[in-house]
file my_file-v6.cif (mmCIF, C-alpha atoms, pLDDT in the B column; chains and numbers go by the auth columns)
data_protein
loop_
_atom_site.group_PDB
_atom_site.id
_atom_site.type_symbol
_atom_site.label_atom_id
_atom_site.label_comp_id
_atom_site.label_asym_id
_atom_site.label_seq_id
_atom_site.Cartn_x
_atom_site.Cartn_y
_atom_site.Cartn_z
_atom_site.B_iso_or_equiv
_atom_site.auth_seq_id
_atom_site.auth_asym_id
ATOM 1 C CA MET A 1 0.000 0.000 0.000 79.00 24 T
ATOM 2 C CA ARG A 2 2.830 2.389 0.879 79.00 25 T
ATOM 3 C CA SER A 3 4.642 1.741 -2.369 84.00 26 T
ATOM 4 C CA ILE A 4 1.527 2.602 -4.394 85.00 27 T
ATOM 5 C CA LEU A 5 1.063 5.825 -2.440 83.00 28 T
ATOM 6 C CA ARG A 6 4.742 6.720 -2.819 85.00 29 T
ATOM 7 C CA THR A 7 4.613 6.056 -6.564 87.00 30 T
ATOM 8 C CA ALA A 8 1.478 8.174 -6.955 84.00 31 T
ATOM 9 C CA THR A 9 3.094 10.973 -4.948 84.00 32 T
ATOM 10 C CA ILE A 10 6.131 10.941 -7.222 84.00 33 T
ATOM 11 C CA LEU A 11 4.219 10.704 -10.513 82.00 34 T
ATOM 12 C CA ALA A 12 1.507 13.313 -9.808 84.00 35 T
ATOM 13 C CA PRO A 13 3.734 16.414 -10.267 81.00 36 T
ATOM 14 C CA ILE A 14 5.211 14.925 -13.424 81.00 37 T
ATOM 15 C CA ALA A 15 1.731 14.411 -14.879 78.00 38 T
ATOM 16 C CA LEU A 16 0.723 17.966 -13.998 77.00 39 T
ATOM 17 C CA ALA A 17 3.893 19.378 -15.547 79.00 40 T
ATOM 18 C CA ALA A 18 3.293 17.393 -18.735 77.00 41 T
ATOM 19 C CA SER A 19 -0.207 18.846 -19.107 74.00 42 T
ATOM 20 C CA ALA A 20 1.134 22.366 -18.461 73.00 43 T
ATOM 21 C CA PHE A 21 3.755 21.982 -21.197 74.00 44 T
ATOM 22 C CA ALA A 22 1.107 20.666 -23.582 69.00 45 T
ATOM 23 C CA GLN A 23 -0.902 23.859 -23.093 68.00 46 T
ATOM 24 C CA ALA A 24 2.075 26.150 -23.734 67.00 47 T
ATOM 25 C CA GLU A 25 1.538 26.057 -27.510 73.00 48 T
ATOM 26 C CA PRO A 26 -0.550 29.007 -28.734 78.00 49 T
ATOM 27 C CA PRO A 27 -3.954 28.244 -30.220 77.00 50 T
ATOM 28 C CA PRO A 28 -4.291 28.234 -34.005 81.00 51 T
ATOM 29 C CA GLU A 29 -5.466 31.372 -35.772 86.00 52 T
ATOM 30 C CA PRO A 30 -9.060 31.204 -37.029 84.00 53 T
ATOM 31 C CA THR A 31 -9.415 31.250 -40.798 85.00 54 T
ATOM 32 C CA PHE A 32 -13.186 31.600 -41.087 80.00 55 T
ATOM 33 C CA THR A 33 -14.407 33.616 -44.054 78.00 56 T
ATOM 34 C CA PRO A 34 -18.174 33.877 -44.429 70.00 57 T
ATOM 35 C CA ALA A 35 -19.415 32.696 -47.803 77.00 58 T
ATOM 36 C CA THR A 36 -22.661 34.667 -47.854 77.00 59 T
ATOM 37 C CA SER A 37 -23.594 38.227 -47.054 81.00 60 T
ATOM 38 C CA PRO A 38 -25.703 38.903 -43.946 86.00 61 T
ATOM 39 C CA ILE A 39 -27.966 41.094 -46.094 92.00 62 T
ATOM 40 C CA ILE A 40 -29.529 37.946 -47.561 90.00 63 T
ATOM 41 C CA GLY A 41 -30.515 36.825 -44.058 90.00 64 T
ATOM 42 C CA TYR A 42 -32.016 40.237 -43.328 95.00 65 T
ATOM 43 C CA LEU A 43 -34.049 40.090 -46.546 96.00 66 T
ATOM 44 C CA VAL A 44 -35.369 36.631 -45.729 96.00 67 T
ATOM 45 C CA ALA A 45 -36.341 37.780 -42.223 97.00 68 T
ATOM 46 C CA ALA A 46 -38.119 40.857 -43.635 98.00 69 T
ATOM 47 C CA VAL A 47 -40.076 38.758 -46.167 98.00 70 T
ATOM 48 C CA LEU A 48 -41.130 36.259 -43.496 98.00 71 T
ATOM 49 C CA PHE A 49 -42.134 39.108 -41.186 98.00 72 T
ATOM 50 C CA GLY A 50 -44.241 40.635 -43.971 97.00 73 T
ATOM 51 C CA ILE A 51 -45.952 37.300 -44.669 97.00 74 T
ATOM 52 C CA ILE A 52 -46.767 36.769 -40.997 96.00 75 T
ATOM 53 C CA VAL A 53 -48.142 40.292 -40.568 96.00 76 T
ATOM 54 C CA SER A 54 -50.249 40.103 -43.740 94.00 77 T
ATOM 55 C CA VAL A 55 -51.739 36.730 -42.768 92.00 78 T
ATOM 56 C CA SER A 56 -52.457 38.016 -39.264 91.00 79 T
ATOM 57 C CA LEU A 57 -54.312 41.062 -40.602 91.00 80 T
ATOM 58 C CA MET A 58 -56.540 39.090 -42.975 87.00 81 T
ATOM 59 C CA PRO A 59 -60.152 39.005 -41.784 80.00 82 T
ATOM 60 C CA SER A 60 -61.479 35.609 -40.782 75.00 83 T
ATOM 61 C CA LYS A 61 -64.891 34.249 -41.769 71.00 84 T
ATOM 62 C CA ARG A 62 -65.769 32.015 -38.880 70.00 85 T
ATOM 63 C CA SER A 63 -69.466 31.468 -39.471 66.00 86 T
ATOM 64 C CA HIS A 64 -72.480 32.558 -41.428 67.00 87 T
ATOM 65 C CA THR A 65 -73.102 35.417 -38.972 65.00 88 T
ATOM 66 C CA ASP A 66 -70.011 37.300 -40.149 58.00 89 T
ATOM 67 C CA LEU A 67 -70.860 39.946 -42.720 59.00 90 T
#
call {"tool": "encode", "arguments": {"input": "my_file-v6.cif", "output": "structure tokens"}}
result
Amino acid sequence: MRSILRTATILAPIALAASAFAQAEPPPEPTFTPATSPIIGYLVAAVLFGIIVSVSLMPSKRSHTDL
């Protein structure tokens, strides 16, 4: 039991140092370039908004009592 504890005590700082050295490398630079313009998304949102508003404002004929 003591030998396992002694081995773990010796190896723990080495394992921590290895993970610290692995993190020393700087992260890679992002190379994302958007393929589409955000204006297309705004146009789609405006068209959908217009459709929803126009359908909401249409009068409903629920029964024969509506004139």
call {"tool": "atom_distance", "arguments": {"input": "my_file-v6.cif", "atom1": "atom CA of Ala31 of chain T", "atom2": "atom CA of Glu48 of chain T"}}
result
27.2 Å
call {"tool": "atom_distance", "arguments": {"input": "my_file-v6.cif", "atom1": "atom CA of Val76 of chain T", "atom2": "atom CA of Thr59 of chain T"}}
result
27.1 Å
call {"tool": "atom_distance", "arguments": {"input": "my_file-v6.cif", "atom1": "atom CA of Ala41 of chain T", "atom2": "atom CA of Met24 of chain T"}}
result
25.8 Å
